[in-house]
Amino acid sequence: MAIRGVTSSRREDMTLKEFKEWLKQFDADGDGRISRNELREALRRRGGWFTTWRSGRALRLADKDNSGFLDDSEVENLIAFAQKDLGMKWITPPE
């Protein structure tokens with residue numbers, strides 16, 4: 001399975017593993033977690049609108065331990081948010 005971003009003019013297909021790797025590039029301080037500001041930057045790079053509001057909402061919904069950060073175990077929660085609220089969709093890549 002892969003994920004297709006439909007919120008930006010740059011439509012790219014990514015597997016979950018590729019999405020996690022893409023997200024890691026926004027971990028500016030290298031602590032292995034994604035902060036609200038880092039998530040906002042990721043959304044901006046995807047061409048998203050209302051990135052401050054969306055990043056805050058995404059963090060609140062995906063951050064199950066209420067640490068204020070997204071760690072690797074919470075990325076799936078972020079994917080669920082992205083599917084529901086940002087219009088990202090799972091696709092099956094051709095074999």
# chains A, B, ... in the order shown; residues from 1 in each chain; ligands from 1

call {"tool": "residues_around", "arguments": {"residues": "Arg33 of chain A", "least_positions_apart": "2", "cutoff": "12 Å", "atoms": "only C-alpha atoms", "output": "list in words"}}
result
Lys20, Leu23, Lys24, Gln25, Phe26, Asp27, Ala28, Asp29, Gly30, Asp31, Ser35, Arg36, Asn37, Glu38, Leu39, Leu59, Asp63, Ser67, Gly68, Phe69, Leu70, Asp71, Asp72, Ser73, Glu74 and Val75 of chain A

call {"tool": "residues_around", "arguments": {"residues": "Glu76 of chain A", "least_positions_apart": "4", "cutoff": "9 Å", "atoms": "only C-alpha atoms", "output": "CSV table (one decimal) with C-alpha atoms, in the first residue's frame"}}
result
chain,number,residue,atom,x,y,z
A,16,LEU,CA,4.3,4.2,4.7
A,62,ALA,CA,-2.1,11.9,16.7
A,72,ASP,CA,7.7,6.9,15.4
A,80,ALA,CA,-5.2,8.4,9.9
A,81,PHE,CA,-5.6,12.2,10.5

call {"tool": "residues_around", "arguments": {"residues": "Arg54 of chain A", "least_positions_apart": "4", "cutoff": "12 Å", "atoms": "only C-alpha atoms", "output": "PyMOL selection string"}}
result
chain A and resi 36-37+39-44+48-50+58-62+78+81-82+85-86

call {"tool": "atom_distance", "arguments": {"atom1": "atom CA of Arg45 of chain A", "atom2": "atom CA of Lys17 of chain A"}}
result
18.7 Å
